[in-house]
file run29.pdb (PDB, C-alpha atoms)
ATOM      1  CA  MET A  12     -18.446  14.128  26.917  1.00  0.00           C
ATOM      2  CA  GLY A  13     -16.684  12.574  23.908  1.00  0.00           C
ATOM      3  CA  SER A  14     -13.226  13.565  22.755  1.00  0.00           C
ATOM      4  CA  ASP A  15     -12.740  16.239  20.173  1.00  0.00           C
ATOM      5  CA  PRO A  16     -12.244  14.461  16.822  1.00  0.00           C
ATOM      6  CA  MET A  17      -8.911  16.225  16.400  1.00  0.00           C
ATOM      7  CA  ASP A  18      -7.696  14.656  19.650  1.00  0.00           C
ATOM      8  CA  LEU A  19      -7.619  11.294  17.890  1.00  0.00           C
ATOM      9  CA  ALA A  20      -4.629  12.568  15.919  1.00  0.00           C
ATOM     10  CA  ARG A  21      -2.618  12.905  19.130  1.00  0.00           C
ATOM     11  CA  PRO A  22      -0.352   9.892  19.619  1.00  0.00           C
ATOM     12  CA  ASP A  23      -0.379  10.413  23.390  1.00  0.00           C
ATOM     13  CA  LEU A  24      -4.100   9.599  23.454  1.00  0.00           C
ATOM     14  CA  ILE A  25      -3.545   6.191  21.810  1.00  0.00           C
ATOM     15  CA  ASP A  26      -1.894   3.270  23.630  1.00  0.00           C
ATOM     16  CA  ASP A  27       0.591   3.228  20.801  1.00  0.00           C
ATOM     17  CA  ALA A  28       3.085   0.648  22.038  1.00  0.00           C
ATOM     18  CA  THR A  29       0.437  -1.919  22.946  1.00  0.00           C
ATOM     19  CA  ALA A  30      -1.456  -1.450  19.694  1.00  0.00           C
ATOM     20  CA  ARG A  31       1.777  -1.603  17.720  1.00  0.00           C
ATOM     21  CA  ASP A  32       3.058  -4.750  19.384  1.00  0.00           C
ATOM     22  CA  ARG A  33      -0.269  -6.541  18.984  1.00  0.00           C
ATOM     23  CA  ALA A  34      -0.527  -5.636  15.300  1.00  0.00           C
ATOM     24  CA  LEU A  35       3.077  -6.528  14.463  1.00  0.00           C
ATOM     25  CA  ALA A  36       3.267  -9.800  16.420  1.00  0.00           C
ATOM     26  CA  PRO A  37       2.016 -12.097  13.599  1.00  0.00           C
ATOM     27  CA  PHE A  38       4.699 -10.787  11.238  1.00  0.00           C
ATOM     28  CA  HIS A  39       7.743 -11.260  13.501  1.00  0.00           C
ATOM     29  CA  VAL A  40       9.328  -7.975  12.414  1.00  0.00           C
ATOM     30  CA  SER A  41      12.709  -6.922  13.747  1.00  0.00           C
ATOM     31  CA  ARG A  42      13.139  -4.333  16.454  1.00  0.00           C
ATOM     32  CA  GLU A  43      14.622  -1.989  13.851  1.00  0.00           C
ATOM     33  CA  THR A  44      11.575  -2.403  11.606  1.00  0.00           C
ATOM     34  CA  SER A  45       9.251  -1.760  14.541  1.00  0.00           C
ATOM     35  CA  GLU A  46      11.136   1.446  15.315  1.00  0.00           C
ATOM     36  CA  ARG A  47      10.993   2.619  11.707  1.00  0.00           C
ATOM     37  CA  LEU A  48       7.271   1.949  11.569  1.00  0.00           C
ATOM     38  CA  SER A  49       6.795   3.882  14.817  1.00  0.00           C
ATOM     39  CA  ARG A  50       8.609   6.901  13.382  1.00  0.00           C
ATOM     40  CA  PHE A  51       6.525   6.704  10.236  1.00  0.00           C
ATOM     41  CA  VAL A  52       3.217   6.445  12.131  1.00  0.00           C
ATOM     42  CA  ALA A  53       4.178   9.318  14.459  1.00  0.00           C
ATOM     43  CA  LEU A  54       4.921  11.529  11.451  1.00  0.00           C
ATOM     44  CA  LEU A  55       1.685  10.538   9.746  1.00  0.00           C
ATOM     45  CA  LEU A  56      -0.392  11.328  12.845  1.00  0.00           C
ATOM     46  CA  ASP A  57       1.303  14.710  13.141  1.00  0.00           C
ATOM     47  CA  ARG A  58       0.682  15.569   9.465  1.00  0.00           C
ATOM     48  CA  GLN A  59      -2.878  14.286   9.663  1.00  0.00           C
ATOM     49  CA  ARG A  60      -3.690  17.501  11.532  1.00  0.00           C
ATOM     50  CA  THR A  61      -3.224  19.515   8.345  1.00  0.00           C
ATOM     51  CA  THR A  62      -3.381  16.991   5.506  1.00  0.00           C
ATOM     52  CA  ASN A  63      -6.027  14.310   5.071  1.00  0.00           C
ATOM     53  CA  LEU A  64      -3.797  11.242   4.701  1.00  0.00           C
ATOM     54  CA  ILE A  65      -6.125   8.557   6.078  1.00  0.00           C
ATOM     55  CA  ALA A  66      -9.772   8.517   7.139  1.00  0.00           C
ATOM     56  CA  SER A  67      -9.984  10.092  10.610  1.00  0.00           C
ATOM     57  CA  SER A  68     -12.254   7.280  11.780  1.00  0.00           C
ATOM     58  CA  THR A  69      -9.406   4.786  11.271  1.00  0.00           C
ATOM     59  CA  ILE A  70      -6.803   6.615  13.361  1.00  0.00           C
ATOM     60  CA  PRO A  71      -7.468   4.663  16.596  1.00  0.00           C
ATOM     61  CA  THR A  72      -6.909   1.392  14.690  1.00  0.00           C
ATOM     62  CA  ILE A  73      -4.058   2.591  12.491  1.00  0.00           C
ATOM     63  CA  TRP A  74      -1.715  -0.246  13.461  1.00  0.00           C
ATOM     64  CA  THR A  75      -4.177  -2.943  12.410  1.00  0.00           C
ATOM     65  CA  ARG A  76      -6.250  -1.209   9.742  1.00  0.00           C
ATOM     66  CA  HIS A  77      -3.292   0.265   7.876  1.00  0.00           C
ATOM     67  CA  VAL A  78       0.086  -1.072   9.036  1.00  0.00           C
ATOM     68  CA  ALA A  79      -0.729  -4.768   9.504  1.00  0.00           C
ATOM     69  CA  ASP A  80      -2.958  -4.635   6.437  1.00  0.00           C
ATOM     70  CA  SER A  81       0.110  -3.587   4.444  1.00  0.00           C
ATOM     71  CA  LEU A  82       2.569  -6.016   6.046  1.00  0.00           C
ATOM     72  CA  GLN A  83       0.460  -9.012   5.056  1.00  0.00           C
ATOM     73  CA  LEU A  84       1.584  -8.552   1.445  1.00  0.00           C
ATOM     74  CA  LEU A  85       5.212  -9.447   2.168  1.00  0.00           C
ATOM     75  CA  PRO A  86       4.746 -13.206   2.757  1.00  0.00           C
ATOM     76  CA  LEU A  87       2.933 -13.407  -0.584  1.00  0.00           C
ATOM     77  CA  ALA A  88       6.100 -12.353  -2.454  1.00  0.00           C
ATOM     78  CA  PRO A  89       9.044 -13.373  -0.261  1.00  0.00           C
ATOM     79  CA  GLN A  90      11.609 -13.214  -3.064  1.00  0.00           C
ATOM     80  CA  ALA A  91      10.519  -9.832  -4.455  1.00  0.00           C
ATOM     81  CA  ARG A  92      12.958  -6.953  -4.065  1.00  0.00           C
ATOM     82  CA  ARG A  93      11.649  -4.281  -6.437  1.00  0.00           C
ATOM     83  CA  TRP A  94       8.199  -2.952  -5.554  1.00  0.00           C
ATOM     84  CA  VAL A  95       6.036  -0.249  -7.121  1.00  0.00           C
ATOM     85  CA  ASP A  96       3.111   1.131  -5.100  1.00  0.00           C
ATOM     86  CA  LEU A  97       0.387   2.917  -7.070  1.00  0.00           C
ATOM     87  CA  GLY A  98      -1.443   5.846  -5.477  1.00  0.00           C
ATOM     88  CA  SER A  99       0.592   5.611  -2.268  1.00  0.00           C
ATOM     89  CA  GLY A 100      -1.378   8.360  -0.476  1.00  0.00           C
ATOM     90  CA  GLY A 101      -0.625   8.119   3.237  1.00  0.00           C
ATOM     91  CA  GLY A 102       2.000   5.440   2.619  1.00  0.00           C
ATOM     92  CA  PHE A 103      -0.029   2.241   2.580  1.00  0.00           C
ATOM     93  CA  PRO A 104       1.131  -0.245   1.629  1.00  0.00           C
ATOM     94  CA  GLY A 105       4.296   1.197   0.062  1.00  0.00           C
ATOM     95  CA  MET A 106       5.948   2.961   3.021  1.00  0.00           C
ATOM     96  CA  VAL A 107       5.203   0.031   5.325  1.00  0.00           C
ATOM     97  CA  ILE A 108       6.801  -2.379   2.858  1.00  0.00           C
ATOM     98  CA  ALA A 109       9.824  -0.090   2.584  1.00  0.00           C
ATOM     99  CA  CYS A 110      10.147   0.000   6.380  1.00  0.00           C
ATOM    100  CA  ALA A 111      10.001  -3.786   6.552  1.00  0.00           C
ATOM    101  CA  MET A 112      12.538  -4.288   3.739  1.00  0.00           C
ATOM    102  CA  ALA A 113      15.068  -1.645   4.764  1.00  0.00           C
ATOM    103  CA  GLU A 114      17.581  -4.306   5.831  1.00  0.00           C
ATOM    104  CA  THR A 115      17.060  -6.481   2.730  1.00  0.00           C
ATOM    105  CA  PRO A 116      19.918  -6.186   0.209  1.00  0.00           C
ATOM    106  CA  GLY A 117      18.751  -4.839  -3.132  1.00  0.00           C
ATOM    107  CA  ALA A 118      15.289  -3.858  -1.925  1.00  0.00           C
ATOM    108  CA  HIS A 119      13.676  -0.700  -3.253  1.00  0.00           C
ATOM    109  CA  VAL A 120      10.116   0.644  -3.289  1.00  0.00           C
ATOM    110  CA  HIS A 121       8.797   3.215  -5.756  1.00  0.00           C
ATOM    111  CA  LEU A 122       5.927   5.286  -4.336  1.00  0.00           C
ATOM    112  CA  ILE A 123       3.711   6.919  -6.971  1.00  0.00           C
ATOM    113  CA  GLU A 124       1.428   9.745  -5.821  1.00  0.00           C
ATOM    114  CA  SER A 125      -0.195  12.435  -7.960  1.00  0.00           C
ATOM    115  CA  ILE A 126      -1.371  14.737  -5.131  1.00  0.00           C
ATOM    116  CA  GLY A 127       1.332  17.244  -4.189  1.00  0.00           C
ATOM    117  CA  LYS A 128       0.715  17.410  -0.443  1.00  0.00           C
ATOM    118  CA  LYS A 129       0.704  13.645  -0.112  1.00  0.00           C
ATOM    119  CA  ALA A 130       3.843  13.292  -2.223  1.00  0.00           C
ATOM    120  CA  ALA A 131       5.558  15.888   0.007  1.00  0.00           C
ATOM    121  CA  PHE A 132       4.539  13.903   3.095  1.00  0.00           C
ATOM    122  CA  LEU A 133       5.911  10.710   1.575  1.00  0.00           C
ATOM    123  CA  ARG A 134       9.241  12.381   0.830  1.00  0.00           C
ATOM    124  CA  ASP A 135       9.473  13.530   4.443  1.00  0.00           C
ATOM    125  CA  ALA A 136       8.566  10.015   5.615  1.00  0.00           C
ATOM    126  CA  VAL A 137      11.328   8.498   3.482  1.00  0.00           C
ATOM    127  CA  ARG A 138      13.847  10.947   4.962  1.00  0.00           C
ATOM    128  CA  GLU A 139      12.597  10.400   8.516  1.00  0.00           C
ATOM    129  CA  THR A 140      12.808   6.618   8.333  1.00  0.00           C
ATOM    130  CA  GLY A 141      15.778   6.217   6.000  1.00  0.00           C
ATOM    131  CA  VAL A 142      14.035   3.525   3.979  1.00  0.00           C
ATOM    132  CA  PRO A 143      15.028   2.433   0.446  1.00  0.00           C
ATOM    133  CA  ALA A 144      12.257   4.222  -1.420  1.00  0.00           C
ATOM    134  CA  THR A 145      11.769   6.842  -4.126  1.00  0.00           C
ATOM    135  CA  VAL A 146       8.727   9.109  -4.299  1.00  0.00           C
ATOM    136  CA  HIS A 147       7.363   9.999  -7.725  1.00  0.00           C
ATOM    137  CA  HIS A 148       4.978  12.956  -7.818  1.00  0.00           C
ATOM    138  CA  SER A 149       3.301  11.811 -11.004  1.00  0.00           C
ATOM    139  CA  ARG A 150       0.208  10.325 -12.552  1.00  0.00           C
ATOM    140  CA  ILE A 151       0.408   6.547 -12.724  1.00  0.00           C
ATOM    141  CA  GLU A 152      -0.082   6.378 -16.495  1.00  0.00           C
ATOM    142  CA  ASP A 153       2.708   8.906 -17.054  1.00  0.00           C
ATOM    143  CA  ILE A 154       5.400   7.085 -15.098  1.00  0.00           C
ATOM    144  CA  ALA A 155       4.352   3.469 -15.650  1.00  0.00           C
ATOM    145  CA  PRO A 156       6.307   3.072 -18.917  1.00  0.00           C
ATOM    146  CA  ARG A 157       9.557   4.035 -17.155  1.00  0.00           C
ATOM    147  CA  LEU A 158       9.091   1.855 -14.070  1.00  0.00           C
ATOM    148  CA  ALA A 159       7.377  -1.141 -15.648  1.00  0.00           C
ATOM    149  CA  GLY A 160      10.619  -2.983 -16.346  1.00  0.00           C
ATOM    150  CA  GLU A 161      12.036  -2.266 -12.889  1.00  0.00           C
ATOM    151  CA  SER A 162       9.520  -4.045 -10.681  1.00  0.00           C
ATOM    152  CA  ASP A 163       8.844  -7.526  -9.343  1.00  0.00           C
ATOM    153  CA  ILE A 164       5.603  -6.534  -7.627  1.00  0.00           C
ATOM    154  CA  VAL A 165       3.078  -3.756  -8.208  1.00  0.00           C
ATOM    155  CA  THR A 166       0.701  -2.955  -5.349  1.00  0.00           C
ATOM    156  CA  ALA A 167      -2.427  -0.855  -4.933  1.00  0.00           C
ATOM    157  CA  ARG A 168      -4.829  -0.185  -2.100  1.00  0.00           C
ATOM    158  CA  ALA A 169      -8.032   1.859  -2.365  1.00  0.00           C
ATOM    159  CA  VAL A 170      -6.913   3.405  -5.649  1.00  0.00           C
ATOM    160  CA  ALA A 171      -9.650   2.594  -8.181  1.00  0.00           C
ATOM    161  CA  PRO A 172     -12.296   0.025  -9.131  1.00  0.00           C
ATOM    162  CA  LEU A 173     -10.672  -3.193 -10.335  1.00  0.00           C
ATOM    163  CA  LYS A 174     -11.616  -2.637 -13.980  1.00  0.00           C
ATOM    164  CA  ASP A 175      -9.642   0.623 -14.025  1.00  0.00           C
ATOM    165  CA  LEU A 176      -6.898  -0.644 -11.744  1.00  0.00           C
ATOM    166  CA  LEU A 177      -6.083  -3.480 -14.133  1.00  0.00           C
ATOM    167  CA  THR A 178      -5.457  -0.898 -16.843  1.00  0.00           C
ATOM    168  CA  MET A 179      -2.960   0.775 -14.511  1.00  0.00           C
ATOM    169  CA  ILE A 180      -1.057  -2.402 -13.646  1.00  0.00           C
ATOM    170  CA  ALA A 181      -1.088  -3.905 -17.148  1.00  0.00           C
ATOM    171  CA  PRO A 182       2.223  -2.274 -18.249  1.00  0.00           C
ATOM    172  CA  PHE A 183       3.954  -3.782 -15.211  1.00  0.00           C
ATOM    173  CA  LEU A 184       2.573  -7.275 -15.769  1.00  0.00           C
ATOM    174  CA  GLU A 185       3.595  -7.135 -19.422  1.00  0.00           C
ATOM    175  CA  LYS A 186       7.177  -6.771 -18.195  1.00  0.00           C
ATOM    176  CA  GLY A 187       6.947  -9.735 -15.815  1.00  0.00           C
ATOM    177  CA  ALA A 188       5.746  -8.218 -12.538  1.00  0.00           C
ATOM    178  CA  GLN A 189       2.873  -9.577 -10.475  1.00  0.00           C
ATOM    179  CA  GLY A 190       0.095  -7.528  -8.914  1.00  0.00           C
ATOM    180  CA  LEU A 191      -0.880  -7.611  -5.247  1.00  0.00           C
ATOM    181  CA  LEU A 192      -4.160  -5.742  -4.966  1.00  0.00           C
ATOM    182  CA  LEU A 193      -5.878  -5.174  -1.620  1.00  0.00           C
ATOM    183  CA  LYS A 194      -9.625  -5.294  -2.091  1.00  0.00           C
ATOM    184  CA  GLY A 195     -12.626  -5.047   0.227  1.00  0.00           C
ATOM    185  CA  GLN A 196     -16.105  -6.479   0.477  1.00  0.00           C
ATOM    186  CA  ASP A 197     -17.086  -5.577  -3.100  1.00  0.00           C
ATOM    187  CA  VAL A 198     -14.326  -7.666  -4.666  1.00  0.00           C
ATOM    188  CA  ASP A 199     -16.677 -10.237  -6.229  1.00  0.00           C
ATOM    189  CA  ALA A 200     -18.737  -7.580  -7.964  1.00  0.00           C
ATOM    190  CA  GLU A 201     -15.542  -5.850  -9.113  1.00  0.00           C
ATOM    191  CA  LEU A 202     -14.195  -9.117 -10.528  1.00  0.00           C
ATOM    192  CA  THR A 203     -17.443  -9.730 -12.409  1.00  0.00           C
ATOM    193  CA  GLU A 204     -17.305  -6.266 -13.945  1.00  0.00           C
ATOM    194  CA  ALA A 205     -13.583  -6.464 -14.734  1.00  0.00           C
ATOM    195  CA  ALA A 206     -14.034  -9.826 -16.471  1.00  0.00           C
ATOM    196  CA  LYS A 207     -16.077  -8.079 -19.170  1.00  0.00           C
ATOM    197  CA  TYR A 208     -12.908  -6.253 -20.213  1.00  0.00           C
ATOM    198  CA  TRP A 209     -10.048  -8.499 -19.126  1.00  0.00           C
ATOM    199  CA  THR A 210      -9.028 -12.138 -19.050  1.00  0.00           C
ATOM    200  CA  ILE A 211      -7.412 -12.345 -15.637  1.00  0.00           C
ATOM    201  CA  GLU A 212      -5.117 -15.058 -14.295  1.00  0.00           C
ATOM    202  CA  TYR A 213      -5.212 -14.616 -10.535  1.00  0.00           C
ATOM    203  CA  THR A 214      -5.645 -16.208  -7.148  1.00  0.00           C
ATOM    204  CA  ALA A 215      -7.310 -14.625  -4.116  1.00  0.00           C
ATOM    205  CA  ALA A 216      -5.839 -14.778  -0.624  1.00  0.00           C
ATOM    206  CA  PRO A 217      -7.965 -13.961   2.427  1.00  0.00           C
ATOM    207  CA  SER A 218      -7.117 -10.741   4.233  1.00  0.00           C
ATOM    208  CA  GLN A 219      -5.630 -11.191   7.692  1.00  0.00           C
ATOM    209  CA  THR A 220      -7.039  -7.881   8.871  1.00  0.00           C
ATOM    210  CA  SER A 221     -10.521  -7.741   7.343  1.00  0.00           C
ATOM    211  CA  PRO A 222     -13.028 -10.627   7.345  1.00  0.00           C
ATOM    212  CA  SER A 223     -14.534  -9.384   4.078  1.00  0.00           C
ATOM    213  CA  GLY A 224     -11.275  -8.389   2.398  1.00  0.00           C
ATOM    214  CA  ARG A 225      -9.155 -10.293  -0.086  1.00  0.00           C
ATOM    215  CA  ILE A 226      -5.806  -9.845  -1.765  1.00  0.00           C
ATOM    216  CA  LEU A 227      -5.810 -10.480  -5.490  1.00  0.00           C
ATOM    217  CA  ILE A 228      -2.556 -11.965  -6.736  1.00  0.00           C
ATOM    218  CA  VAL A 229      -2.666 -11.116 -10.441  1.00  0.00           C
ATOM    219  CA  ARG A 230      -0.183 -12.970 -12.638  1.00  0.00           C
ATOM    220  CA  ARG A 231      -1.353 -12.289 -16.187  1.00  0.00           C
ATOM    221  CA  LEU A 232      -3.764  -9.998 -17.959  1.00  0.00           C
ATOM    222  CA  GLN A 233      -5.136  -9.888 -21.452  1.00  0.00           C
ATOM    223  CA  ARG A 234      -7.585  -7.298 -22.641  1.00  0.00           C
ATOM    224  CA  ARG A 235     -10.661  -8.824 -24.245  1.00  0.00           C
ATOM    225  CA  ARG A 236     -11.180  -8.164 -27.925  1.00  0.00           C
ATOM    226  CA  GLY A 237     -13.250  -5.051 -28.505  1.00  0.00           C
ATOM    227  CA  HIS A 238     -12.228  -3.484 -25.175  1.00  0.00           C
TER
END

call {"tool": "encode", "arguments": {"input": "run29.pdb", "output": "structure tokens"}}
result
Amino acid sequence: MGSDPMDLARPDLIDDATARDRALAPFHVSRETSERLSRFVALLLDRQRTTNLIASSTIPTIWTRHVADSLQLLPLAPQARRWVDLGSGGGFPGMVIACAMAETPGAHVHLIESIGKKAAFLRDAVRETGVPATVHHSRIEDIAPRLAGESDIVTARAVAPLKDLLTMIAPFLEKGAQGLLLKGQDVDAELTEAAKYWTIEYTAAPSQTSPSGRILIVRRLQRRRGH
């Protein structure tokens, strides 16, 4: 007989330490960062019982599918200290970045989440891990004007189609930030559609965790005339 789907949310049924160590090895994180990430993942798995924070099918691969997927952004912006994560949801990539940068002087991550239950989880995660992060229970378009001048990097993962996502990150790029956008197998089609509305200066880095995924490093945006 197969396991009850809810059993997948039990950390004791996942070889957590082995999965964690394998996923974190390429990033050479400190012991302290590994411990913070473990506390964060344990809290997420506990809350997953009552709040849908990540897809249940991805729980057994959480360390690769979610944690490592988030960590791969850091080498793309090694000098960045001020991060804004749009639609943080279950904490990816924002909480993972905050865990990794907790020992970096001047580092701070702003987590923007419009859904109350998810914002409450993120606040508890920040308290549990002690990371340098602030949770904003707000719509992205409402808070963007205030945070746009306070960020080096703006991130987003599974938030919206690229055409709409570029509208969300535009205020940040206008103030000098860069965008790091995690995209999946439909990225080419999304770029084609977005190019009807935007002139985009970007490069694409291959994902380390998904053969079909790419990370768009967006440096400048200009809305096309008439759009």

call {"tool": "closest_residue", "arguments": {"input": "run29.pdb", "among": "A:Gly195, A:Gly224, A:Asp175, A:His39", "to": "A:Lys207", "atoms": "all atoms listed in the file"}}
result
A:Asp175

call {"tool": "atom_distance", "arguments": {"input": "run29.pdb", "atom1": "atom CA of A:Glu161", "atom2": "atom CA of A:Glu185"}}
result
11.7 Å

call {"tool": "axis_aligned_box", "arguments": {"input": "run29.pdb", "around": "stretch 197-212 of chain A", "padding_each_side": "4 Å", "output": "AutoDock Vina command-line options"}}
result
--center_x -11.9 --center_y -10.3 --center_z -11.7 --size_x 21.6 --size_y 17.5 --size_z 25.1

call {"tool": "resolve_selection", "arguments": {"input": "run29.pdb", "expression": "the PyMOL selection byres ((chain A and resi 45) around 9)", "output": "list of chain:residue names"}}
result
A:Arg31, A:Asp32, A:Leu35, A:Val40, A:Ser41, A:Arg42, A:Glu43, A:Thr44, A:Glu46, A:Arg47, A:Leu48, A:Ser49, A:Arg50, A:Cys110, A:Ala111

call {"tool": "closest_residue", "arguments": {"input": "run29.pdb", "among": "A:Ala181, A:Ile154, A:Leu87, A:Ala169", "to": "A:Ala215", "atoms": "all atoms listed in the file"}}
result
A:Leu87

call {"tool": "closest_residue", "arguments": {"input": "run29.pdb", "among": "A:Gly187, A:Pro156, A:Pro143, A:Pro71", "to": "A:Val107", "atoms": "only C-alpha atoms"}}
result
A:Pro143

call {"tool": "closest_residue", "arguments": {"input": "run29.pdb", "among": "A:Ala36, A:His121, A:Asp80, A:Pro86", "to": "A:Pro222", "atoms": "all atoms listed in the file"}}
result
A:Asp80

call {"tool": "atom_distance", "arguments": {"input": "run29.pdb", "atom1": "atom CA of A:Ser149", "atom2": "atom CA of A:Leu133"}}
result
12.9 Å

call {"tool": "closest_residue", "arguments": {"input": "run29.pdb", "among": "A:Gly105, A:Lys128, A:Arg234, A:Leu193", "to": "A:Ser221", "atoms": "all atoms listed in the file"}}
result
A:Leu193

call {"tool": "decode", "arguments": {"input": "run29.pdb", "residues": "stretch 160-174 of chain A", "atoms": "C-alpha atoms", "output": "compact mmCIF listing (two decimals), in the first residue's frame"}}
result
# COMPACT_ATOMS: atom_id res chain seq x y z
CA GLY A 160 14.76 52.66 -4.30
CA GLU A 161 15.90 50.27 -1.57
CA SER A 162 16.84 47.22 -3.60
CA ASP A 163 19.80 45.88 -5.56
CA ILE A 164 17.96 42.78 -6.76
CA VAL A 165 14.29 41.95 -7.27
CA THR A 166 13.37 38.27 -7.51
CA ALA A 167 10.28 36.30 -8.48
CA ARG A 168 9.45 32.64 -8.82
CA ALA A 169 6.15 31.24 -10.13
CA VAL A 170 4.41 34.58 -9.66
CA ALA A 171 3.01 35.53 -13.08
CA PRO A 172 3.58 35.22 -16.83
CA LEU A 173 6.64 37.20 -17.89
CA LYS A 174 4.62 39.92 -19.63
